[in-house]
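Input: a single structure, listed below in structure tokens.
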Amino acid sequence: MNREETITYINNHGILPESKFGQNFLCDEDIIEAIVDLVEAGPDDKVLEIGPGIGALTREFVNNGIDITAVEIDKRLAQYLSEEGFNIIVSDYTKLKVEDYEPTKFTTAVSNIPYYVMTPIMIKMMSDLTNCRKMTFMVEEAAIDRIDAKVSTKQYGPLAVISKVYGDFCKEFVVGSGSFVPAPHTTSAVITLTRRNGDTFVVDKAFADFVTKCFANRRKKLTNGVPEAKLALEELCIDSNVRAEALTPEQFKSIYAIINS
Ligand code: SAM
């Protein structure tokens, strides 16, 4: 849908975009098409979308014959999309149980992420969707500092570690606020995370919980909060006083593997 069609849809349905849900609807057809291309979904894929809104992306996938399921927190918007025949789960995605959406069946995923809840949504997607080969996200451009953060920086935390272990990060393109109705206050960017060919380590909930626990007291040494890491640090010849923020994503993987061996 272009800007005019988006405004008409919103007016016809009496929708007042809710800022508490981060509702800024994409209305730029070139950007919509570019995002759908990045998702690289074919007829055999099953796509998961978080936060379909009024269906800007969802509609484009369906028009291309792609099997897509979307999770939407806003009951009204979900109802409109369901009435149009889209496959919608009404839920706060951060609270959605795995038994209620079979995450392992999805092969690729997309979200124009509600910015207020970016980190929990990204971490849940990366850890639940264990058979997904790629994730395509629209995020606030400034938040990229936290997703692609370097080790030992202030921004480096669970999101950066889990993203880097998940796959290769790419900032694809920037999207100005004029591409949305209503316009957000910040610039956005589309990013992708792509699993590496042959990578046998798969991010899952246990690994994501482990990394999150390691950063719970980032100012303290790792072994204070995670005593079970002591032997693994010794085995890997890493200083036993190390803090989580000084460990590389590879080291997190190794420590986790040793603890669970
Ligand atoms: N995908 C649409 C687009 O590109 O125009 C809408 C994107 S809008 C930025 C974010 C959407 O996520 C809204 O529809 C909002 O209601 C929904 N949302 C917000 N928090 C959510 C949550 N916790 N779980 C699922 N959906 C959520």
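Letters A, B, ... go to the chains of the structure tokens in the order shown; residues in each chain start at 1; ligands are counted from 1 in the same order.
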
Just want the residues within 7 Å of ligand 1, written as number ranges by chain, counting only C-alpha atoms and all ligand atoms.
A: 21-27, 50-57, 71-74, 91-94, 111-114, 117

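Using only C-alpha atoms, the residues found no farther than 9 Å from Phe210 of chain A, other than those of its own chain fewer than 4 positions away, are A:Lys205, A:Ala206, A:Cys214, A:Phe215, A:Val226, A:Phe252, A:Tyr256.
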
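In this comparison, which uses only C-alpha atoms, the residue of A:Glu250, A:Ile144, A:Asn260, A:Ala34 approaching Ala232 of chain A most closely is A:Asn260.
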
Mind the document's chain letters and residue numbers, and return as JSON, numbers by chain the residues of segment 5-246 of chain A that DSSP labels helix (DSSP H, G or I).
{"A": [5, 6, 7, 8, 9, 10, 11, 12, 19, 20, 21, 29, 30, 31, 32, 33, 34, 35, 36, 37, 38, 39, 56, 57, 58, 59, 60, 61, 62, 63, 75, 76, 77, 78, 79, 80, 81, 82, 83, 93, 94, 95, 98, 99, 100, 103, 104, 105, 115, 116, 117, 118, 119, 120, 121, 122, 123, 124, 125, 126, 127, 128, 141, 142, 143, 144, 145, 146, 147, 158, 159, 160, 161, 162, 163, 164, 165, 166, 177, 178, 179, 205, 206, 207, 208, 209, 210, 211, 212, 213, 214, 222, 223, 224, 225, 227, 228, 229, 230, 231, 232, 233, 234, 235, 244, 245, 246]}

Give me, as a PyMOL selection string, all polymer residues having an atom no more than 9 Å from segment 158-162 of chain A, counting only C-alpha atoms and skipping those fewer than 4 positions away in the same chain.
chain A and resi 119-120+122-123+126-127+145-151+166-167+203+207-208+211-215+248-250+252

DSSP strand (DSSP E) selection over segment 25-227 of chain A, as a PDB file with N, CA and C atoms, in the first residue's frame:
```pdb
ATOM      1  N   PHE A  25       3.209   2.852  10.528  1.00  0.00           N
ATOM      2  CA  PHE A  25       2.961   1.921   9.428  1.00  0.00           C
ATOM      3  C   PHE A  25       3.741   2.314   8.182  1.00  0.00           C
ATOM      4  N   LEU A  26       4.388   1.319   7.626  1.00  0.00           N
ATOM      5  CA  LEU A  26       5.205   1.515   6.423  1.00  0.00           C
ATOM      6  C   LEU A  26       4.285   1.799   5.228  1.00  0.00           C
ATOM      7  N   LYS A  46       8.256 -21.035   5.018  1.00  0.00           N
ATOM      8  CA  LYS A  46       7.219 -20.558   5.937  1.00  0.00           C
ATOM      9  C   LYS A  46       7.817 -19.355   6.645  1.00  0.00           C
ATOM     10  N   VAL A  47       7.150 -18.205   6.471  1.00  0.00           N
ATOM     11  CA  VAL A  47       7.675 -16.946   7.017  1.00  0.00           C
ATOM     12  C   VAL A  47       6.923 -16.590   8.292  1.00  0.00           C
ATOM     13  N   LEU A  48       7.667 -16.098   9.288  1.00  0.00           N
ATOM     14  CA  LEU A  48       7.030 -15.548  10.491  1.00  0.00           C
ATOM     15  C   LEU A  48       7.267 -14.042  10.493  1.00  0.00           C
ATOM     16  N   GLU A  49       6.184 -13.288  10.713  1.00  0.00           N
ATOM     17  CA  GLU A  49       6.316 -11.834  10.856  1.00  0.00           C
ATOM     18  C   GLU A  49       5.823 -11.428  12.243  1.00  0.00           C
ATOM     19  N   ILE A  50       6.582 -10.576  12.898  1.00  0.00           N
ATOM     20  CA  ILE A  50       6.127 -10.046  14.187  1.00  0.00           C
ATOM     21  C   ILE A  50       5.663  -8.603  13.965  1.00  0.00           C
ATOM     22  N   ASP A  67       3.777 -18.302   2.071  1.00  0.00           N
ATOM     23  CA  ASP A  67       3.070 -18.736   3.279  1.00  0.00           C
ATOM     24  C   ASP A  67       3.608 -17.928   4.468  1.00  0.00           C
ATOM     25  N   ILE A  68       2.775 -17.042   5.015  1.00  0.00           N
ATOM     26  CA  ILE A  68       3.231 -16.185   6.112  1.00  0.00           C
ATOM     27  C   ILE A  68       2.246 -16.229   7.274  1.00  0.00           C
ATOM     28  N   THR A  69       2.816 -16.299   8.486  1.00  0.00           N
ATOM     29  CA  THR A  69       2.033 -16.222   9.727  1.00  0.00           C
ATOM     30  C   THR A  69       2.530 -14.986  10.465  1.00  0.00           C
ATOM     31  N   ALA A  70       1.603 -14.211  11.033  1.00  0.00           N
ATOM     32  CA  ALA A  70       2.028 -12.990  11.716  1.00  0.00           C
ATOM     33  C   ALA A  70       1.461 -12.946  13.132  1.00  0.00           C
ATOM     34  N   VAL A  71       2.249 -12.382  14.046  1.00  0.00           N
ATOM     35  CA  VAL A  71       1.841 -12.253  15.446  1.00  0.00           C
ATOM     36  C   VAL A  71       1.629 -10.777  15.749  1.00  0.00           C
ATOM     37  N   GLU A  72       0.415 -10.414  16.149  1.00  0.00           N
ATOM     38  CA  GLU A  72       0.080  -8.997  16.381  1.00  0.00           C
ATOM     39  C   GLU A  72      -0.535  -8.836  17.779  1.00  0.00           C
ATOM     40  N   ASN A  87      -3.165 -15.130   8.072  1.00  0.00           N
ATOM     41  CA  ASN A  87      -2.964 -16.082   9.153  1.00  0.00           C
ATOM     42  C   ASN A  87      -2.345 -15.340  10.349  1.00  0.00           C
ATOM     43  N   ILE A  88      -3.204 -14.978  11.319  1.00  0.00           N
ATOM     44  CA  ILE A  88      -2.747 -14.096  12.408  1.00  0.00           C
ATOM     45  C   ILE A  88      -2.874 -14.772  13.764  1.00  0.00           C
ATOM     46  N   ILE A  89      -1.836 -14.619  14.582  1.00  0.00           N
ATOM     47  CA  ILE A  89      -1.889 -15.044  15.983  1.00  0.00           C
ATOM     48  C   ILE A  89      -1.983 -13.763  16.803  1.00  0.00           C
ATOM     49  N   VAL A  90      -3.013 -13.653  17.638  1.00  0.00           N
ATOM     50  CA  VAL A  90      -3.162 -12.437  18.459  1.00  0.00           C
ATOM     51  C   VAL A  90      -2.428 -12.669  19.771  1.00  0.00           C
ATOM     52  N   THR A 108      12.265 -18.542   7.536  1.00  0.00           N
ATOM     53  CA  THR A 108      12.792 -17.180   7.423  1.00  0.00           C
ATOM     54  C   THR A 108      11.811 -16.248   8.144  1.00  0.00           C
ATOM     55  N   ALA A 109      12.297 -15.087   8.611  1.00  0.00           N
ATOM     56  CA  ALA A 109      11.450 -14.245   9.462  1.00  0.00           C
ATOM     57  C   ALA A 109      11.696 -12.772   9.189  1.00  0.00           C
ATOM     58  N   VAL A 110      10.669 -11.977   9.528  1.00  0.00           N
ATOM     59  CA  VAL A 110      10.750 -10.545   9.249  1.00  0.00           C
ATOM     60  C   VAL A 110       9.995  -9.781  10.329  1.00  0.00           C
ATOM     61  N   SER A 111      10.481  -8.584  10.635  1.00  0.00           N
ATOM     62  CA  SER A 111       9.709  -7.712  11.523  1.00  0.00           C
ATOM     63  C   SER A 111      10.125  -6.264  11.339  1.00  0.00           C
ATOM     64  N   ASN A 112       9.119  -5.418  11.140  1.00  0.00           N
ATOM     65  CA  ASN A 112       9.317  -3.978  11.306  1.00  0.00           C
ATOM     66  C   ASN A 112       9.063  -3.805  12.787  1.00  0.00           C
ATOM     67  N   LYS A 134      17.482 -16.928   8.072  1.00  0.00           N
ATOM     68  CA  LYS A 134      17.749 -15.491   7.931  1.00  0.00           C
ATOM     69  C   LYS A 134      16.669 -14.700   8.668  1.00  0.00           C
ATOM     70  N   MET A 135      17.051 -13.554   9.208  1.00  0.00           N
ATOM     71  CA  MET A 135      16.076 -12.646   9.833  1.00  0.00           C
ATOM     72  C   MET A 135      16.273 -11.269   9.226  1.00  0.00           C
ATOM     73  N   THR A 136      15.151 -10.637   8.890  1.00  0.00           N
ATOM     74  CA  THR A 136      15.203  -9.292   8.305  1.00  0.00           C
ATOM     75  C   THR A 136      14.413  -8.371   9.232  1.00  0.00           C
ATOM     76  N   PHE A 137      15.078  -7.322   9.719  1.00  0.00           N
ATOM     77  CA  PHE A 137      14.447  -6.435  10.695  1.00  0.00           C
ATOM     78  C   PHE A 137      14.523  -4.980  10.249  1.00  0.00           C
ATOM     79  N   MET A 138      13.448  -4.258  10.521  1.00  0.00           N
ATOM     80  CA  MET A 138      13.514  -2.785  10.474  1.00  0.00           C
ATOM     81  C   MET A 138      13.703  -2.354  11.924  1.00  0.00           C
ATOM     82  N   VAL A 139      14.762  -1.591  12.173  1.00  0.00           N
ATOM     83  CA  VAL A 139      15.039  -1.129  13.542  1.00  0.00           C
ATOM     84  C   VAL A 139      15.294   0.372  13.518  1.00  0.00           C
ATOM     85  N   GLU A 140      15.357   0.964  14.696  1.00  0.00           N
ATOM     86  CA  GLU A 140      15.746   2.357  14.805  1.00  0.00           C
ATOM     87  C   GLU A 140      17.236   2.405  14.455  1.00  0.00           C
ATOM     88  N   ASP A 168      25.661 -13.614  10.321  1.00  0.00           N
ATOM     89  CA  ASP A 168      26.350 -12.421   9.820  1.00  0.00           C
ATOM     90  C   ASP A 168      25.386 -11.242   9.772  1.00  0.00           C
ATOM     91  N   PHE A 169      25.859 -10.121  10.332  1.00  0.00           N
ATOM     92  CA  PHE A 169      25.051  -8.902  10.378  1.00  0.00           C
ATOM     93  C   PHE A 169      25.297  -8.064   9.123  1.00  0.00           C
ATOM     94  N   CYS A 170      24.241  -7.486   8.578  1.00  0.00           N
ATOM     95  CA  CYS A 170      24.421  -6.527   7.475  1.00  0.00           C
ATOM     96  C   CYS A 170      23.426  -5.377   7.628  1.00  0.00           C
ATOM     97  N   LYS A 171      23.947  -4.151   7.604  1.00  0.00           N
ATOM     98  CA  LYS A 171      23.049  -2.984   7.557  1.00  0.00           C
ATOM     99  C   LYS A 171      22.716  -2.789   6.086  1.00  0.00           C
ATOM    100  N   GLU A 172      21.479  -3.026   5.694  1.00  0.00           N
ATOM    101  CA  GLU A 172      21.114  -3.048   4.275  1.00  0.00           C
ATOM    102  C   GLU A 172      20.858  -1.645   3.740  1.00  0.00           C
ATOM    103  N   PHE A 173      19.945  -0.898   4.369  1.00  0.00           N
ATOM    104  CA  PHE A 173      19.689   0.480   3.938  1.00  0.00           C
ATOM    105  C   PHE A 173      18.951   1.261   5.023  1.00  0.00           C
ATOM    106  N   VAL A 174      19.023   2.573   4.867  1.00  0.00           N
ATOM    107  CA  VAL A 174      18.406   3.479   5.843  1.00  0.00           C
ATOM    108  C   VAL A 174      17.028   3.875   5.321  1.00  0.00           C
ATOM    109  N   VAL A 175      16.076   4.062   6.243  1.00  0.00           N
ATOM    110  CA  VAL A 175      14.713   4.442   5.843  1.00  0.00           C
ATOM    111  C   VAL A 175      14.329   5.716   6.609  1.00  0.00           C
ATOM    112  N   PHE A 180       6.741   6.367   6.677  1.00  0.00           N
ATOM    113  CA  PHE A 180       5.770   5.783   7.620  1.00  0.00           C
ATOM    114  C   PHE A 180       4.597   6.728   7.864  1.00  0.00           C
ATOM    115  N   VAL A 181       3.473   6.136   8.238  1.00  0.00           N
ATOM    116  CA  VAL A 181       2.311   6.888   8.739  1.00  0.00           C
ATOM    117  C   VAL A 181       1.962   6.302  10.104  1.00  0.00           C
ATOM    118  N   SER A 188      15.141   5.117  10.580  1.00  0.00           N
ATOM    119  CA  SER A 188      15.142   3.662  10.727  1.00  0.00           C
ATOM    120  C   SER A 188      16.169   3.045   9.773  1.00  0.00           C
ATOM    121  N   ALA A 189      16.406   1.759   9.961  1.00  0.00           N
ATOM    122  CA  ALA A 189      17.305   1.056   9.031  1.00  0.00           C
ATOM    123  C   ALA A 189      16.852  -0.388   8.929  1.00  0.00           C
ATOM    124  N   VAL A 190      17.067  -0.968   7.770  1.00  0.00           N
ATOM    125  CA  VAL A 190      16.763  -2.388   7.590  1.00  0.00           C
ATOM    126  C   VAL A 190      18.072  -3.154   7.724  1.00  0.00           C
ATOM    127  N   ILE A 191      18.033  -4.184   8.553  1.00  0.00           N
ATOM    128  CA  ILE A 191      19.226  -5.011   8.773  1.00  0.00           C
ATOM    129  C   ILE A 191      18.879  -6.479   8.528  1.00  0.00           C
ATOM    130  N   THR A 192      19.893  -7.277   8.246  1.00  0.00           N
ATOM    131  CA  THR A 192      19.662  -8.721   8.147  1.00  0.00           C
ATOM    132  C   THR A 192      20.693  -9.458   9.012  1.00  0.00           C
ATOM    133  N   LEU A 193      20.267 -10.596   9.509  1.00  0.00           N
ATOM    134  CA  LEU A 193      21.168 -11.517  10.203  1.00  0.00           C
ATOM    135  C   LEU A 193      21.028 -12.844   9.475  1.00  0.00           C
ATOM    136  N   THR A 194      22.125 -13.329   8.929  1.00  0.00           N
ATOM    137  CA  THR A 194      22.071 -14.536   8.089  1.00  0.00           C
ATOM    138  C   THR A 194      22.950 -15.621   8.686  1.00  0.00           C
TER     139      THR A 194
END
```

Which distance in Å separates atom CA of Ser19 of chain A and atom CA of Thr186 of chain A, to one decimal?
13.5 Å

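Using only C-alpha atoms, the nearest neighbour of Met118 of chain A within the list A:Glu141, A:Asp37, A:Ile258, A:Gly85 is A:Glu141.
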
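Shortest separation to Asn217 of chain A among A:Val202, A:Cys237, A:Ala244, A:Ala142 occurs at residue A:Ala244, atoms counted being only C-alpha atoms.
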
May I have the residues within 12 Å of Arg219 of chain A as a PDB file with all heavy atoms, in the first residue's frame, using only C-alpha atoms and disregarding those fewer than 2 positions away in the same chain?
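Everything below was put into out.pdb:
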```
ATOM      1  N   SER A 152      33.723  -5.249  24.800  1.00  0.00           N
ATOM      2  CA  SER A 152      34.261  -4.276  25.767  1.00  0.00           C
ATOM      3  C   SER A 152      33.768  -2.844  25.553  1.00  0.00           C
ATOM      4  O   SER A 152      34.410  -1.909  26.032  1.00  0.00           O
ATOM      5  CB  SER A 152      35.798  -4.269  25.774  1.00  0.00           C
ATOM      6  OG  SER A 152      36.278  -5.495  26.240  1.00  0.00           O
ATOM      7  N   LYS A 154      30.366  -0.043  25.857  1.00  0.00           N
ATOM      8  CA  LYS A 154      29.177   0.143  26.704  1.00  0.00           C
ATOM      9  C   LYS A 154      27.952  -0.542  26.088  1.00  0.00           C
ATOM     10  O   LYS A 154      27.089  -1.057  26.780  1.00  0.00           O
ATOM     11  CB  LYS A 154      28.929   1.653  26.839  1.00  0.00           C
ATOM     12  CG  LYS A 154      28.207   2.038  28.094  1.00  0.00           C
ATOM     13  CD  LYS A 154      28.143   3.545  28.254  1.00  0.00           C
ATOM     14  CE  LYS A 154      27.000   4.100  27.440  1.00  0.00           C
ATOM     15  NZ  LYS A 154      27.010   5.492  27.129  1.00  0.00           N
ATOM     16  N   GLY A 157      26.320  -6.256  24.822  1.00  0.00           N
ATOM     17  CA  GLY A 157      25.513  -6.972  25.811  1.00  0.00           C
ATOM     18  C   GLY A 157      24.920  -8.216  25.175  1.00  0.00           C
ATOM     19  O   GLY A 157      25.326  -8.626  24.076  1.00  0.00           O
ATOM     20  N   CYS A 214      24.917 -14.158  32.136  1.00  0.00           N
ATOM     21  CA  CYS A 214      26.319 -13.712  32.241  1.00  0.00           C
ATOM     22  C   CYS A 214      26.414 -12.192  32.371  1.00  0.00           C
ATOM     23  O   CYS A 214      27.309 -11.668  33.013  1.00  0.00           O
ATOM     24  CB  CYS A 214      27.120 -14.156  31.013  1.00  0.00           C
ATOM     25  SG  CYS A 214      27.434 -15.927  30.966  1.00  0.00           S
ATOM     26  N   PHE A 215      25.479 -11.479  31.725  1.00  0.00           N
ATOM     27  CA  PHE A 215      25.528 -10.017  31.747  1.00  0.00           C
ATOM     28  C   PHE A 215      24.689  -9.408  32.882  1.00  0.00           C
ATOM     29  O   PHE A 215      24.605  -8.188  32.982  1.00  0.00           O
ATOM     30  CB  PHE A 215      25.026  -9.438  30.412  1.00  0.00           C
ATOM     31  CG  PHE A 215      26.073  -9.420  29.333  1.00  0.00           C
ATOM     32  CD1 PHE A 215      26.179 -10.459  28.428  1.00  0.00           C
ATOM     33  CD2 PHE A 215      26.975  -8.354  29.227  1.00  0.00           C
ATOM     34  CE1 PHE A 215      27.142 -10.454  27.424  1.00  0.00           C
ATOM     35  CE2 PHE A 215      27.942  -8.337  28.236  1.00  0.00           C
ATOM     36  CZ  PHE A 215      28.026  -9.385  27.331  1.00  0.00           C
ATOM     37  N   ALA A 216      24.093 -10.259  33.731  1.00  0.00           N
ATOM     38  CA  ALA A 216      23.184  -9.733  34.757  1.00  0.00           C
ATOM     39  C   ALA A 216      23.919  -8.751  35.671  1.00  0.00           C
ATOM     40  O   ALA A 216      23.337  -7.754  36.123  1.00  0.00           O
ATOM     41  CB  ALA A 216      22.574 -10.879  35.554  1.00  0.00           C
ATOM     42  N   ASN A 217      25.191  -9.015  35.955  1.00  0.00           N
ATOM     43  CA  ASN A 217      25.993  -8.093  36.770  1.00  0.00           C
ATOM     44  C   ASN A 217      27.234  -7.728  35.987  1.00  0.00           C
ATOM     45  O   ASN A 217      28.326  -8.193  36.281  1.00  0.00           O
ATOM     46  CB  ASN A 217      26.396  -8.773  38.080  1.00  0.00           C
ATOM     47  CG  ASN A 217      25.339  -8.579  39.127  1.00  0.00           C
ATOM     48  OD1 ASN A 217      24.875  -7.454  39.326  1.00  0.00           O
ATOM     49  ND2 ASN A 217      24.946  -9.665  39.759  1.00  0.00           N
ATOM     50  N   LYS A 221      32.798  -9.621  38.249  1.00  0.00           N
ATOM     51  CA  LYS A 221      33.426 -10.691  37.463  1.00  0.00           C
ATOM     52  C   LYS A 221      32.402 -11.796  37.173  1.00  0.00           C
ATOM     53  O   LYS A 221      31.494 -12.042  37.986  1.00  0.00           O
ATOM     54  CB  LYS A 221      34.684 -11.209  38.128  1.00  0.00           C
ATOM     55  CG  LYS A 221      34.521 -11.854  39.467  1.00  0.00           C
ATOM     56  CD  LYS A 221      35.904 -12.322  39.948  1.00  0.00           C
ATOM     57  CE  LYS A 221      35.766 -13.154  41.203  1.00  0.00           C
ATOM     58  NZ  LYS A 221      37.025 -13.713  41.655  1.00  0.00           N
ATOM     59  N   LEU A 222      32.592 -12.421  36.034  1.00  0.00           N
ATOM     60  CA  LEU A 222      31.634 -13.410  35.535  1.00  0.00           C
ATOM     61  C   LEU A 222      31.312 -14.492  36.564  1.00  0.00           C
ATOM     62  O   LEU A 222      30.150 -14.854  36.765  1.00  0.00           O
ATOM     63  CB  LEU A 222      32.186 -14.046  34.246  1.00  0.00           C
ATOM     64  CG  LEU A 222      31.338 -15.139  33.627  1.00  0.00           C
ATOM     65  CD1 LEU A 222      30.094 -14.560  32.979  1.00  0.00           C
ATOM     66  CD2 LEU A 222      32.139 -15.916  32.589  1.00  0.00           C
ATOM     67  N   THR A 223      32.356 -15.003  37.222  1.00  0.00           N
ATOM     68  CA  THR A 223      32.143 -16.164  38.096  1.00  0.00           C
ATOM     69  C   THR A 223      31.335 -15.827  39.352  1.00  0.00           C
ATOM     70  O   THR A 223      30.870 -16.734  40.035  1.00  0.00           O
ATOM     71  CB  THR A 223      33.497 -16.803  38.495  1.00  0.00           C
ATOM     72  OG1 THR A 223      34.355 -15.773  38.956  1.00  0.00           O
ATOM     73  CG2 THR A 223      34.120 -17.534  37.323  1.00  0.00           C
ATOM     74  N   ASN A 224      31.134 -14.539  39.649  1.00  0.00           N
ATOM     75  CA  ASN A 224      30.261 -14.192  40.784  1.00  0.00           C
ATOM     76  C   ASN A 224      28.833 -14.639  40.504  1.00  0.00           C
ATOM     77  O   ASN A 224      28.195 -15.266  41.341  1.00  0.00           O
ATOM     78  CB  ASN A 224      30.233 -12.670  41.011  1.00  0.00           C
ATOM     79  CG  ASN A 224      31.436 -12.207  41.806  1.00  0.00           C
ATOM     80  OD1 ASN A 224      32.313 -13.007  42.106  1.00  0.00           O
ATOM     81  ND2 ASN A 224      31.472 -10.928  42.134  1.00  0.00           N
ATOM     82  N   GLY A 225      28.357 -14.310  39.302  1.00  0.00           N
ATOM     83  CA  GLY A 225      26.970 -14.643  38.962  1.00  0.00           C
ATOM     84  C   GLY A 225      26.825 -16.000  38.308  1.00  0.00           C
ATOM     85  O   GLY A 225      25.759 -16.608  38.341  1.00  0.00           O
ATOM     86  N   ASN A 241      39.152 -13.580  36.540  1.00  0.00           N
ATOM     87  CA  ASN A 241      38.496 -12.333  36.981  1.00  0.00           C
ATOM     88  C   ASN A 241      37.737 -11.640  35.848  1.00  0.00           C
ATOM     89  O   ASN A 241      37.263 -10.526  36.012  1.00  0.00           O
ATOM     90  CB  ASN A 241      39.541 -11.342  37.517  1.00  0.00           C
ATOM     91  CG  ASN A 241      40.136 -11.845  38.812  1.00  0.00           C
ATOM     92  OD1 ASN A 241      39.419 -12.361  39.669  1.00  0.00           O
ATOM     93  ND2 ASN A 241      41.454 -11.723  38.951  1.00  0.00           N
ATOM     94  N   VAL A 242      37.665 -12.289  34.712  1.00  0.00           N
ATOM     95  CA  VAL A 242      37.083 -11.633  33.536  1.00  0.00           C
ATOM     96  C   VAL A 242      35.616 -11.246  33.777  1.00  0.00           C
ATOM     97  O   VAL A 242      34.890 -11.919  34.518  1.00  0.00           O
ATOM     98  CB  VAL A 242      37.213 -12.570  32.294  1.00  0.00           C
ATOM     99  CG1 VAL A 242      36.223 -13.730  32.379  1.00  0.00           C
ATOM    100  CG2 VAL A 242      37.044 -11.811  31.006  1.00  0.00           C
ATOM    101  N   ARG A 243      35.220 -10.109  33.153  1.00  0.00           N
ATOM    102  CA  ARG A 243      33.806  -9.724  33.176  1.00  0.00           C
ATOM    103  C   ARG A 243      33.174 -10.147  31.856  1.00  0.00           C
ATOM    104  O   ARG A 243      33.872 -10.229  30.836  1.00  0.00           O
ATOM    105  CB  ARG A 243      33.672  -8.199  33.270  1.00  0.00           C
ATOM    106  CG  ARG A 243      34.154  -7.619  34.574  1.00  0.00           C
ATOM    107  CD  ARG A 243      34.117  -6.113  34.437  1.00  0.00           C
ATOM    108  NE  ARG A 243      34.524  -5.440  35.636  1.00  0.00           N
ATOM    109  CZ  ARG A 243      34.645  -4.139  35.734  1.00  0.00           C
ATOM    110  NH1 ARG A 243      34.405  -3.357  34.675  1.00  0.00           N
ATOM    111  NH2 ARG A 243      35.012  -3.572  36.859  1.00  0.00           N
ATOM    112  N   ALA A 244      31.865 -10.321  31.860  1.00  0.00           N
ATOM    113  CA  ALA A 244      31.166 -10.778  30.649  1.00  0.00           C
ATOM    114  C   ALA A 244      31.450  -9.860  29.460  1.00  0.00           C
ATOM    115  O   ALA A 244      31.626 -10.307  28.334  1.00  0.00           O
ATOM    116  CB  ALA A 244      29.661 -10.834  30.902  1.00  0.00           C
ATOM    117  N   GLU A 245      31.520  -8.557  29.733  1.00  0.00           N
ATOM    118  CA  GLU A 245      31.659  -7.605  28.621  1.00  0.00           C
ATOM    119  C   GLU A 245      33.008  -7.721  27.886  1.00  0.00           C
ATOM    120  O   GLU A 245      33.169  -7.173  26.798  1.00  0.00           O
ATOM    121  CB  GLU A 245      31.448  -6.175  29.119  1.00  0.00           C
ATOM    122  CG  GLU A 245      32.442  -5.745  30.165  1.00  0.00           C
ATOM    123  CD  GLU A 245      32.035  -4.465  30.889  1.00  0.00           C
ATOM    124  OE1 GLU A 245      30.873  -4.042  30.763  1.00  0.00           O
ATOM    125  OE2 GLU A 245      32.898  -3.904  31.580  1.00  0.00           O
ATOM    126  N   ALA A 246      33.965  -8.468  28.496  1.00  0.00           N
ATOM    127  CA  ALA A 246      35.277  -8.625  27.840  1.00  0.00           C
ATOM    128  C   ALA A 246      35.374  -9.928  27.051  1.00  0.00           C
ATOM    129  O   ALA A 246      36.392 -10.205  26.422  1.00  0.00           O
ATOM    130  CB  ALA A 246      36.385  -8.572  28.893  1.00  0.00           C
TER     131      ALA A 246
END
```

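In this structure, atom CA of Arg195 of chain A sits 19.7 Å away from atom CA of Asp209 of chain A.
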
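The space separating atom CA of Leu233 of chain A from atom CA of Gln251 of chain A comes to 9.2 Å.
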
Residues within 9 Å of Glu60 of chain A, please, as a PyMOL selection string. Count only C-alpha atoms; anything in the same chain fewer than 4 positions from it doesn't count.
chain A and resi 1+32-33+36+55-56+64-66

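Among A:Ile10, A:Ile259, A:Ala183, A:Leu16, the residue with the shortest atom-to-atom distance to Asp28 of chain A, counting only C-alpha atoms, is A:Ala183.
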
All residues 7 Å or closer to Cys132 of chain A, only C-alpha atoms, same chain fewer than 3 positions away omitted, as an MDAnalysis selection string:
chainID A and resid 106:108 129

Looking at only C-alpha atoms, which of A:Glu40, A:Tyr80, A:Phe86, A:Asp239 is the one that sits closest to Arg59 of chain A?
A:Phe86
